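**Student:** The structure file entry.cif (mmCIF, C-alpha atoms) is provided below.
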data_upload
loop_
_atom_site.group_PDB
_atom_site.id
_atom_site.type_symbol
_atom_site.label_atom_id
_atom_site.label_comp_id
_atom_site.auth_asym_id
_atom_site.auth_seq_id
_atom_site.Cartn_x
_atom_site.Cartn_y
_atom_site.Cartn_z
ATOM 1 C CA MET A 808 -35.332 27.616 -120.393
ATOM 2 C CA ILE A 809 -37.326 26.710 -123.478
ATOM 3 C CA ASN A 810 -35.656 27.099 -126.883
ATOM 4 C CA ALA A 811 -38.485 29.044 -128.544
ATOM 5 C CA ASN A 812 -37.254 28.810 -132.138
ATOM 6 C CA GLN A 813 -36.697 25.078 -131.870
ATOM 7 C CA PHE A 814 -40.145 24.622 -130.307
ATOM 8 C CA ILE A 815 -41.772 26.665 -133.104
ATOM 9 C CA GLU A 816 -40.065 24.609 -135.803
ATOM 10 C CA GLU A 817 -41.022 21.313 -134.136
ATOM 11 C CA GLN A 818 -44.665 22.287 -133.631
ATOM 12 C CA VAL A 819 -45.119 23.708 -137.127
ATOM 13 C CA ASN A 820 -43.797 20.448 -138.572
ATOM 14 C CA ALA A 821 -45.990 18.400 -136.222
ATOM 15 C CA ILE A 822 -49.105 20.354 -137.238
ATOM 16 C CA LYS A 823 -48.277 19.894 -140.921
ATOM 17 C CA GLN A 824 -47.906 16.169 -140.396
ATOM 18 C CA THR A 825 -51.135 15.906 -138.380
ATOM 19 C CA VAL A 826 -53.368 18.056 -140.575
ATOM 20 C CA GLY A 827 -51.990 17.173 -143.992
ATOM 21 C CA ALA A 828 -54.280 18.839 -146.556
ATOM 22 C CA GLY A 829 -57.082 19.362 -144.039
ATOM 23 C CA LYS A 830 -58.711 22.592 -142.853
ATOM 24 C CA VAL A 831 -58.453 23.923 -139.303
ATOM 25 C CA LEU A 832 -60.698 26.037 -137.097
ATOM 26 C CA CYS A 833 -58.858 27.807 -134.297
ATOM 27 C CA ALA A 834 -60.703 28.669 -131.089
ATOM 28 C CA LEU A 835 -59.594 32.235 -130.434
ATOM 29 C CA SER A 836 -60.179 33.855 -127.043
ATOM 30 C CA GLY A 837 -57.939 36.897 -127.342
ATOM 31 C CA GLY A 838 -55.429 35.544 -124.814
ATOM 32 C CA VAL A 839 -51.815 34.641 -125.415
ATOM 33 C CA ASP A 840 -52.419 30.861 -125.469
ATOM 34 C CA SER A 841 -54.916 30.914 -128.317
ATOM 35 C CA ALA A 842 -52.986 33.657 -130.162
ATOM 36 C CA VAL A 843 -49.772 31.599 -130.126
ATOM 37 C CA THR A 844 -51.750 28.537 -131.208
ATOM 38 C CA ALA A 845 -53.236 30.513 -134.102
ATOM 39 C CA LEU A 846 -49.844 31.754 -135.323
ATOM 40 C CA LEU A 847 -48.228 28.314 -135.095
ATOM 41 C CA THR A 848 -51.128 26.764 -136.974
ATOM 42 C CA HIS A 849 -51.108 29.523 -139.597
ATOM 43 C CA ARG A 850 -47.413 28.921 -140.260
ATOM 44 C CA ALA A 851 -48.214 25.261 -140.807
ATOM 45 C CA VAL A 852 -51.381 25.397 -142.928
ATOM 46 C CA GLY A 853 -51.647 28.956 -144.237
ATOM 47 C CA ASP A 854 -55.037 29.913 -145.649
ATOM 48 C CA ARG A 855 -56.547 26.580 -144.604
ATOM 49 C CA LEU A 856 -56.912 28.113 -141.124
ATOM 50 C CA LEU A 857 -59.942 30.077 -139.963
ATOM 51 C CA CYS A 858 -59.993 31.591 -136.477
ATOM 52 C CA MET A 859 -63.286 31.809 -134.659
ATOM 53 C CA PHE A 860 -64.215 33.862 -131.614
ATOM 54 C CA ILE A 861 -67.378 32.722 -129.837
ATOM 55 C CA ASP A 862 -68.954 35.691 -128.053
ATOM 56 C CA SER A 863 -70.494 33.772 -125.164
ATOM 57 C CA GLY A 864 -71.552 36.880 -123.254
ATOM 58 C CA LEU A 865 -69.170 35.690 -120.524
ATOM 59 C CA MET A 866 -66.268 37.946 -121.491
ATOM 60 C CA ARG A 867 -65.160 41.072 -119.666
ATOM 61 C CA LYS A 868 -66.564 44.516 -120.454
ATOM 62 C CA ASP A 869 -65.893 45.539 -124.096
ATOM 63 C CA GLU A 870 -63.642 42.495 -124.593
ATOM 64 C CA PRO A 871 -65.328 41.005 -127.697
ATOM 65 C CA GLU A 872 -64.812 44.287 -129.556
ATOM 66 C CA GLU A 873 -61.197 44.531 -128.363
ATOM 67 C CA VAL A 874 -60.422 40.963 -129.439
ATOM 68 C CA ALA A 875 -61.829 41.505 -132.923
ATOM 69 C CA ALA A 876 -59.997 44.818 -133.356
ATOM 70 C CA THR A 877 -56.649 43.572 -132.040
ATOM 71 C CA PHE A 878 -56.697 40.342 -134.011
ATOM 72 C CA GLY A 879 -57.653 42.025 -137.250
ATOM 73 C CA ARG A 880 -54.995 44.723 -136.822
ATOM 74 C CA HIS A 881 -51.993 42.547 -135.950
ATOM 75 C CA PHE A 882 -52.372 39.024 -137.259
ATOM 76 C CA GLY A 883 -53.802 39.144 -140.762
ATOM 77 C CA ILE A 884 -55.606 35.832 -140.281
ATOM 78 C CA PRO A 885 -59.332 35.542 -141.139
ATOM 79 C CA LEU A 886 -61.515 35.850 -138.022
ATOM 80 C CA ARG A 887 -65.179 34.984 -137.659
ATOM 81 C CA VAL A 888 -67.053 36.379 -134.632
ATOM 82 C CA VAL A 889 -70.097 34.329 -133.601
ATOM 83 C CA PRO A 890 -72.663 35.938 -131.249
ATOM 84 C CA ALA A 891 -73.907 33.250 -128.848
ATOM 85 C CA ALA A 892 -74.640 34.979 -125.527
ATOM 86 C CA ASP A 893 -78.297 33.910 -125.429
ATOM 87 C CA LYS A 894 -77.373 30.247 -125.948
ATOM 88 C CA PHE A 895 -74.933 30.268 -123.042
ATOM 89 C CA LEU A 896 -77.286 32.048 -120.646
ATOM 90 C CA GLU A 897 -80.058 29.612 -121.462
ATOM 91 C CA ALA A 898 -77.775 26.601 -120.987
ATOM 92 C CA LEU A 899 -76.646 27.933 -117.588
ATOM 93 C CA ARG A 900 -80.131 28.740 -116.316
ATOM 94 C CA GLY A 901 -80.606 27.285 -112.827
ATOM 95 C CA VAL A 902 -77.110 25.738 -112.702
ATOM 96 C CA THR A 903 -75.136 26.493 -109.526
ATOM 97 C CA GLU A 904 -72.479 23.777 -109.199
ATOM 98 C CA PRO A 905 -69.058 24.949 -110.512
ATOM 99 C CA GLU A 906 -68.026 21.697 -112.210
ATOM 100 C CA GLU A 907 -71.398 21.458 -113.946
ATOM 101 C CA LYS A 908 -71.054 25.018 -115.207
ATOM 102 C CA ARG A 909 -67.573 24.326 -116.565
ATOM 103 C CA ILE A 910 -68.731 21.195 -118.392
ATOM 104 C CA ILE A 911 -71.820 22.923 -119.842
ATOM 105 C CA ILE A 912 -69.732 25.843 -121.102
ATOM 106 C CA GLY A 913 -67.067 23.555 -122.596
ATOM 107 C CA ASN A 914 -69.648 21.398 -124.337
ATOM 108 C CA LEU A 915 -71.536 24.381 -125.718
ATOM 109 C CA PHE A 916 -68.391 26.010 -127.092
ATOM 110 C CA ILE A 917 -67.714 22.853 -129.090
ATOM 111 C CA ARG A 918 -71.317 22.557 -130.288
ATOM 112 C CA VAL A 919 -71.259 26.145 -131.554
ATOM 113 C CA PHE A 920 -67.960 25.471 -133.339
ATOM 114 C CA GLU A 921 -69.500 22.374 -134.927
ATOM 115 C CA GLU A 922 -72.604 24.286 -136.045
ATOM 116 C CA GLU A 923 -70.494 27.000 -137.627
ATOM 117 C CA ALA A 924 -68.193 24.470 -139.286
ATOM 118 C CA VAL A 925 -71.200 22.927 -141.036
ATOM 119 C CA LYS A 926 -72.098 26.346 -142.452
ATOM 120 C CA LEU A 927 -68.550 27.062 -143.588
ATOM 121 C CA GLY A 928 -67.625 23.737 -145.140
ATOM 122 C CA GLU A 929 -65.515 20.814 -144.049
ATOM 123 C CA PHE A 930 -63.287 21.573 -141.062
ATOM 124 C CA GLU A 931 -61.863 18.369 -139.640
ATOM 125 C CA TYR A 932 -59.518 19.906 -137.079
ATOM 126 C CA LEU A 933 -59.958 22.247 -134.102
ATOM 127 C CA ALA A 934 -56.889 24.058 -132.753
ATOM 128 C CA GLN A 935 -57.052 25.293 -129.176
ATOM 129 C CA GLY A 936 -54.637 26.831 -126.691
ATOM 130 C CA THR A 937 -54.562 24.063 -124.093
ATOM 131 C CA ILE A 938 -51.508 24.367 -121.815
ATOM 132 C CA TYR A 939 -50.029 21.923 -119.316
ATOM 133 C CA PRO A 940 -51.681 23.325 -116.136
ATOM 134 C CA ASP A 941 -55.098 22.874 -117.824
ATOM 135 C CA ILE A 942 -54.361 19.172 -118.232
ATOM 136 C CA ILE A 943 -53.025 18.690 -114.695
ATOM 137 C CA GLU A 944 -55.925 20.452 -112.959
ATOM 138 C CA SER A 945 -58.505 18.645 -115.093
ATOM 139 C CA GLY A 946 -57.524 15.363 -113.471
ATOM 140 C CA ASN A 947 -55.395 13.695 -116.131
ATOM 141 C CA ASN A 948 -53.071 12.617 -113.293
ATOM 142 C CA GLY A 949 -56.032 11.118 -111.441
ATOM 143 C CA LYS A 950 -56.461 14.133 -109.139
ATOM 144 C CA LEU A 951 -59.198 16.517 -110.248
ATOM 145 C CA VAL A 952 -58.884 20.117 -109.083
ATOM 146 C CA LYS A 953 -61.335 21.655 -111.540
ATOM 147 C CA THR A 954 -62.444 20.862 -115.062
ATOM 148 C CA HIS A 955 -60.944 23.152 -117.689
ATOM 149 C CA HIS A 956 -63.461 23.680 -120.479
ATOM 150 C CA ASN A 957 -60.897 22.769 -123.147
ATOM 151 C CA VAL A 958 -59.950 19.460 -121.488
ATOM 152 C CA GLY A 959 -62.500 17.754 -119.228
ATOM 153 C CA GLY A 960 -65.288 19.968 -120.528
ATOM 154 C CA LEU A 961 -65.112 18.517 -124.027
ATOM 155 C CA PRO A 962 -68.022 16.313 -125.162
ATOM 156 C CA GLU A 963 -67.349 12.595 -125.548
ATOM 157 C CA ASN A 964 -68.657 12.582 -129.125
ATOM 158 C CA LEU A 965 -66.364 15.370 -130.291
ATOM 159 C CA LYS A 966 -66.538 15.655 -134.085
ATOM 160 C CA PHE A 967 -63.197 17.440 -134.454
ATOM 161 C CA LYS A 968 -59.676 16.123 -134.231
ATOM 162 C CA LEU A 969 -57.731 18.348 -131.831
ATOM 163 C CA VAL A 970 -54.585 20.333 -132.563
ATOM 164 C CA GLU A 971 -52.980 21.427 -129.272
ATOM 165 C CA PRO A 972 -49.384 22.556 -129.846
ATOM 166 C CA LEU A 973 -48.963 24.108 -126.370
ATOM 167 C CA ARG A 974 -50.133 21.228 -124.189
ATOM 168 C CA THR A 975 -46.623 20.637 -122.763
ATOM 169 C CA LEU A 976 -45.970 24.288 -121.878
ATOM 170 C CA TYR A 977 -46.540 26.464 -118.832
ATOM 171 C CA LYS A 978 -47.843 30.025 -119.189
ATOM 172 C CA HIS A 979 -44.433 31.708 -118.920
ATOM 173 C CA GLU A 980 -43.104 29.420 -121.665
ATOM 174 C CA VAL A 981 -46.052 30.297 -123.922
ATOM 175 C CA ARG A 982 -45.126 33.960 -123.506
ATOM 176 C CA ILE A 983 -41.532 33.248 -124.554
ATOM 177 C CA VAL A 984 -42.795 31.511 -127.696
ATOM 178 C CA GLY A 985 -45.228 34.367 -128.342
ATOM 179 C CA ARG A 986 -42.396 36.905 -128.343
ATOM 180 C CA ALA A 987 -40.379 34.736 -130.717
ATOM 181 C CA LEU A 988 -43.407 34.672 -133.057
ATOM 182 C CA GLY A 989 -43.587 38.476 -132.983
ATOM 183 C CA LEU A 990 -46.767 38.892 -130.954
ATOM 184 C CA PRO A 991 -47.319 42.443 -129.630
ATOM 185 C CA GLU A 992 -46.343 42.822 -125.970
ATOM 186 C CA HIS A 993 -49.874 43.744 -124.886
ATOM 187 C CA VAL A 994 -51.041 40.342 -126.174
ATOM 188 C CA VAL A 995 -48.048 38.439 -124.783
ATOM 189 C CA ASN A 996 -48.555 39.974 -121.335
ATOM 190 C CA ARG A 997 -52.343 39.862 -121.276
ATOM 191 C CA GLN A 998 -53.371 38.533 -117.894
ATOM 192 C CA PRO A 999 -54.800 35.011 -117.827
ATOM 193 C CA PHE A 1000 -58.545 34.682 -118.260
ATOM 194 C CA PRO A 1001 -60.394 31.404 -117.684
ATOM 195 C CA GLY A 1002 -61.962 29.638 -120.652
ATOM 196 C CA PRO A 1003 -65.415 29.606 -119.015
ATOM 197 C CA GLY A 1004 -65.017 33.344 -118.537
ATOM 198 C CA LEU A 1005 -67.233 35.193 -116.095
ATOM 199 C CA GLY A 1006 -69.369 32.062 -115.876
ATOM 200 C CA ILE A 1007 -67.079 30.947 -113.040
ATOM 201 C CA ARG A 1008 -66.652 34.426 -111.547
ATOM 202 C CA VAL A 1009 -70.369 34.658 -110.890
ATOM 203 C CA ILE A 1010 -70.768 32.333 -107.939
ATOM 204 C CA GLY A 1011 -73.904 30.227 -108.265
ATOM 205 C CA GLU A 1012 -76.429 30.723 -111.050
ATOM 206 C CA VAL A 1013 -75.339 32.971 -113.917
ATOM 207 C CA THR A 1014 -77.877 35.611 -114.951
ATOM 208 C CA ALA A 1015 -77.794 38.644 -117.224
ATOM 209 C CA GLU A 1016 -78.216 40.927 -114.197
ATOM 210 C CA LYS A 1017 -75.269 39.391 -112.324
ATOM 211 C CA LEU A 1018 -73.059 39.512 -115.416
ATOM 212 C CA ALA A 1019 -73.832 43.203 -115.940
ATOM 213 C CA ILE A 1020 -72.888 44.019 -112.331
ATOM 214 C CA LEU A 1021 -69.714 41.948 -112.469
ATOM 215 C CA LYS A 1022 -68.542 43.421 -115.772
ATOM 216 C CA GLU A 1023 -68.756 46.929 -114.344
ATOM 217 C CA ALA A 1024 -67.028 45.976 -111.078
ATOM 218 C CA ASP A 1025 -64.250 44.094 -112.863
ATOM 219 C CA ALA A 1026 -63.658 47.003 -115.261
ATOM 220 C CA VAL A 1027 -63.301 49.422 -112.334
ATOM 221 C CA PHE A 1028 -60.779 47.201 -110.549
ATOM 222 C CA ARG A 1029 -58.705 46.588 -113.677
ATOM 223 C CA GLU A 1030 -58.673 50.304 -114.465
ATOM 224 C CA GLU A 1031 -57.367 51.184 -110.987
ATOM 225 C CA ILE A 1032 -54.575 48.589 -111.231
ATOM 226 C CA GLU A 1033 -53.549 49.699 -114.708
ATOM 227 C CA LYS A 1034 -53.694 53.456 -114.219
ATOM 228 C CA ASN A 1035 -51.400 53.106 -111.189
ATOM 229 C CA GLY A 1036 -48.881 51.184 -113.272
ATOM 230 C CA LEU A 1037 -48.880 48.135 -111.014
ATOM 231 C CA SER A 1038 -47.302 44.921 -112.263
ATOM 232 C CA VAL A 1039 -49.676 42.109 -111.244
ATOM 233 C CA TRP A 1040 -49.923 38.670 -112.872
ATOM 234 C CA GLN A 1041 -53.724 38.386 -112.581
ATOM 235 C CA TYR A 1042 -56.405 40.623 -111.082
ATOM 236 C CA PHE A 1043 -60.174 40.465 -111.269
ATOM 237 C CA ALA A 1044 -63.510 40.795 -109.488
ATOM 238 C CA VAL A 1045 -65.882 38.039 -108.396
ATOM 239 C CA LEU A 1046 -69.609 38.384 -107.800
ATOM 240 C CA THR A 1047 -70.039 36.184 -104.764
ATOM 241 C CA GLY A 1048 -73.210 34.320 -103.942
ATOM 242 C CA ILE A 1049 -73.550 36.400 -100.777
ATOM 243 C CA LYS A 1050 -75.968 39.266 -100.278
ATOM 244 C CA THR A 1051 -75.512 41.498 -97.251
ATOM 245 C CA VAL A 1052 -77.469 44.233 -95.502
ATOM 246 C CA GLY A 1053 -76.352 47.796 -96.126
ATOM 247 C CA VAL A 1054 -77.676 51.311 -95.937
ATOM 248 C CA ALA A 1055 -78.222 53.973 -98.608
ATOM 249 C CA ALA A 1056 -79.999 57.312 -98.189
ATOM 250 C CA GLY A 1057 -80.947 56.222 -94.689
ATOM 251 C CA GLU A 1058 -82.712 53.082 -95.903
ATOM 252 C CA ARG A 1059 -81.899 49.371 -95.717
ATOM 253 C CA THR A 1060 -80.388 47.684 -98.781
ATOM 254 C CA TYR A 1061 -79.699 44.016 -99.483
ATOM 255 C CA ASN A 1062 -77.191 43.648 -102.304
ATOM 256 C CA TYR A 1063 -74.350 41.525 -103.633
ATOM 257 C CA THR A 1064 -70.838 41.278 -102.225
ATOM 258 C CA ILE A 1065 -68.003 41.772 -104.707
ATOM 259 C CA ALA A 1066 -64.667 40.120 -103.950
ATOM 260 C CA LEU A 1067 -61.466 41.488 -105.481
ATOM 261 C CA ARG A 1068 -58.518 39.176 -106.164
ATOM 262 C CA ALA A 1069 -54.961 39.938 -107.276
ATOM 263 C CA VAL A 1070 -52.252 37.264 -107.443
ATOM 264 C CA ASP A 1071 -48.695 36.783 -108.648
ATOM 265 C CA SER A 1072 -47.557 33.516 -110.212
ATOM 266 C CA THR A 1073 -45.214 32.055 -112.793
ATOM 267 C CA ASP A 1074 -46.868 28.830 -113.866
ATOM 268 C CA ALA A 1075 -50.415 29.078 -112.367
ATOM 269 C CA MET A 1076 -49.744 25.968 -110.286
ATOM 270 C CA THR A 1077 -49.072 28.097 -107.201
ATOM 271 C CA ALA A 1078 -49.849 31.763 -106.534
ATOM 272 C CA SER A 1079 -49.412 34.376 -103.827
ATOM 273 C CA TRP A 1080 -51.861 37.170 -103.094
ATOM 274 C CA VAL A 1081 -50.628 40.668 -103.894
ATOM 275 C CA ARG A 1082 -50.224 43.357 -101.239
ATOM 276 C CA LEU A 1083 -51.880 46.110 -103.256
ATOM 277 C CA PRO A 1084 -51.532 49.696 -102.013
ATOM 278 C CA TRP A 1085 -54.433 50.610 -99.742
ATOM 279 C CA THR A 1086 -55.060 53.710 -101.843
ATOM 280 C CA VAL A 1087 -55.710 51.533 -104.894
ATOM 281 C CA LEU A 1088 -58.010 49.184 -103.012
ATOM 282 C CA ALA A 1089 -59.872 52.095 -101.424
ATOM 283 C CA ALA A 1090 -60.402 53.853 -104.768
ATOM 284 C CA ALA A 1091 -61.630 50.652 -106.427
ATOM 285 C CA ALA A 1092 -63.929 49.750 -103.524
ATOM 286 C CA GLU A 1093 -65.464 53.216 -103.387
ATOM 287 C CA LYS A 1094 -66.321 53.177 -107.090
ATOM 288 C CA ILE A 1095 -67.532 49.573 -107.113
ATOM 289 C CA ALA A 1096 -69.798 50.183 -104.119
ATOM 290 C CA ARG A 1097 -71.651 52.794 -106.183
ATOM 291 C CA ILE A 1098 -72.611 50.252 -108.858
ATOM 292 C CA PRO A 1099 -76.325 49.415 -108.556
ATOM 293 C CA GLY A 1100 -76.728 45.981 -107.008
ATOM 294 C CA VAL A 1101 -73.454 46.076 -105.032
ATOM 295 C CA GLY A 1102 -73.583 46.365 -101.252
ATOM 296 C CA ARG A 1103 -70.117 45.379 -100.069
ATOM 297 C CA VAL A 1104 -66.546 44.949 -101.380
ATOM 298 C CA VAL A 1105 -63.949 42.578 -99.898
ATOM 299 C CA TYR A 1106 -60.352 41.618 -100.791
ATOM 300 C CA ASP A 1107 -59.236 37.975 -101.060
ATOM 301 C CA ILE A 1108 -55.903 37.348 -99.286
ATOM 302 C CA THR A 1109 -55.677 33.582 -99.863
ATOM 303 C CA ALA A 1110 -52.704 31.938 -101.593
ATOM 304 C CA LYS A 1111 -52.791 28.948 -103.948
ATOM 305 C CA PRO A 1112 -52.797 26.487 -102.271
ATOM 306 C CA PRO A 1113 -55.020 26.169 -100.295
ATOM 307 C CA ALA A 1114 -57.283 28.156 -102.645
ATOM 308 C CA THR A 1115 -57.260 28.060 -106.433
ATOM 309 C CA ILE A 1116 -56.752 31.335 -108.269
ATOM 310 C CA GLU A 1117 -60.352 31.365 -109.471
ATOM 311 C CA TRP A 1118 -63.209 31.026 -106.974
ATOM 312 C CA GLU A 1119 -64.920 28.291 -109.010
#
Starting from the file, lay out its structure as C-alpha cells.
**Tutor:**
Amino acid sequence: MINANQFIEEQVNAIKQTVGAGKVLCALSGGVDSAVTALLTHRAVGDRLLCMFIDSGLMRKDEPEEVAATFGRHFGIPLRVVPAADKFLEALRGVTEPEEKRIIIGNLFIRVFEEEAVKLGEFEYLAQGTIYPDIIESGNNGKLVKTHHNVGGLPENLKFKLVEPLRTLYKHEVRIVGRALGLPEHVVNRQPFPGPGLGIRVIGEVTAEKLAILKEADAVFREEIEKNGLSVWQYFAVLTGIKTVGVAAGERTYNYTIALRAVDSTDAMTASWVRLPWTVLAAAAEKIARIPGVGRVVYDITAKPPATIEWE
C-alpha cells in the first residue's frame, strides 16, 4: 500500500528541485491523473503554474464545460481553455490506422501547448499525468501494445521539459494520493478516459458526423449505468467501422454499429468484462438505436487480455 503523504512530500520536493524558479504549464484533462499532477505541481511552484485544457473536440458530450466548471470551483488554480477542435479534425482527416491516430493526436496536443506558451510568456516545463501503465503499454519495455499520446505520441523535438510525478504509480494508487490531497470524490473516482479521447473510440477515420453520433450514444450508455447506481470501473460506447443493413418504417437502412463496453479493473493492466443487468443493456440499446445514423447495438464481452480495454 502506498504511503500517500510520504509520496506527496517526495514529489513536491522533486518538482521544486527540477523546476527551480521556472514556470510550468499543466496539461489538464479533467481526469484524476492530471488533477493530482496539477495539485502536486501547485504545491511545489504556486502561482508559477498555469493549467491548460485543450478542447480537441474529442471529449465526451458536454465534458469541456464540465471540466472548466469543476476545476474552477474546486481547485483555485488558473485554467486556460483552448478551443482546437478544427485543428484536430483536420489533422485526422483520412487517417484510419490506430497507432497513426494516437501519434498525430499526441503531437498536436504538444504543438498547441507550445503555441499557447509563446503567447503567454516563457514556460519551460510541461506537467502531465503520465502513469506507469501508460509507459508499459507504449513499449518502454520493448513490447509495444499501443502508443499513449503522452508517452510514445510525443514529438521528438519537444520544446518542453517534462514534469511527470505519477509515472511510477498505477491508477488505484493515484486515487489514494488524490484523496490525501483533498480532491472531491467525483474527481477521484472519475472513470478512466484515454488521452486521445473519442479519436480512438471512432474506429477508422474520425469525422464530425461520427463524433456527433458517438457522443450521443456514449452519453446514453453512461446515463443508464449511473442512474441505476452500478459500480463499474470503466464504461463507454464505440462507433465501430461496421455498417449493417436494418429496417425503419418498412424501408432498408444502412447505418453504423455501436459497441458498448463495460469493464472492471484495478490497475488497467488486466480487466474483466462486466455482467451488466439485461434491463440496463436493453434500455441503453433501445435509446441508442433511435439515434440517427445508428443501425445496430452490440455488447463487448472480451476480457483484457486478449483484448485491450479500448478498441484502438
**Student:** Select, from A:Met859, A:Met866, A:Val925, A:Ala811, the residue with the minimum atom-to-atom distance to Arg887 in chain A, counting all atoms listed in the file.
**Tutor:**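 Answer, going by the shortest atom-to-atom distance: A:Met859.
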**Student:** Using only C-alpha atoms, which of A:Tyr1106, A:Phe920, A:Tyr1063, A:Trp1085 sits nearest Tyr1042 in chain A?
**Tutor:**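 Counting only C-alpha atoms, the residue closest to Tyr1042 in chain A is A:Tyr1106.
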**Student:** What does the distance between CA of Ala1066 in chain A and CA of Leu1046 in chain A come to in Å, to one decimal place?
**Tutor:** 6.5 Å
**Student:** Please measure the separation of CA of Asp893 in chain A and CA of Val1104 in chain A, giving the value in Å to one decimal.
**Tutor:**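 CA of Asp893 in chain A sits 29.0 Å away from CA of Val1104 in chain A.
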**Student:** When the PyMOL selection byres ((chain A and resi 1052) around 10) is applied to the structure above, which residues does it catch, written out as an NGL selection string?
**Tutor:** :A and (1050-1051 or 1053-1054 or 1059-1064 or 1102-1103)
**Student:** Mind giving me the axis-aligned box for range 1043-1061 of chain A with 8 Å on every side, centre plus edges in Å to one decimal, as AutoDock Vina command-line options?
**Tutor:**
--center_x -71.4 --center_y 45.8 --center_z -103.0 --size_x 38.5 --size_y 39.0 --size_z 32.6
**Student:** Any idea what's packed within 10 Å of Thr1073 in chain A, counting all atoms listed in the file, ignoring anything in its chain fewer than 4 positions away? Could you give it as a list in words?
**Tutor:**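 Counting all atoms listed in the file, the residues come to Tyr977, Lys978, His979, Glu980, Trp1040, Thr1077 and Ala1078 of chain A.
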**Student:** Please produce a file of those selected residues containing C-alpha atoms, as a PDB file, in the coordinates of the input.
**Tutor:**
ATOM      1  CA  TYR A 977     -46.540  26.464-118.832  1.00  0.00           C
ATOM      2  CA  LYS A 978     -47.843  30.025-119.189  1.00  0.00           C
ATOM      3  CA  HIS A 979     -44.433  31.708-118.920  1.00  0.00           C
ATOM      4  CA  GLU A 980     -43.104  29.420-121.665  1.00  0.00           C
ATOM      5  CA  TRP A1040     -49.923  38.670-112.872  1.00  0.00           C
ATOM      6  CA  THR A1077     -49.072  28.097-107.201  1.00  0.00           C
ATOM      7  CA  ALA A1078     -49.849  31.763-106.534  1.00  0.00           C
TER       8      ALA A1078
END
**Student:** Nearest to Val1013 in chain A: which of A:Gly913, A:Gly1100, A:Gly827, A:Gly1048 is it, counting all atoms listed in the file?
**Tutor:**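 Between A:Gly913, A:Gly1100, A:Gly827, A:Gly1048, the residue approaching Val1013 in chain A most closely is A:Gly1048.
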**Student:** Taking into account all atoms listed in the file, which residue in the set A:Ala828, A:Leu973, A:Arg1097, A:Leu1018 is nearest to Glu929 in chain A?
**Tutor:**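 Result for the nearest residue to Glu929 in chain A: A:Ala828.
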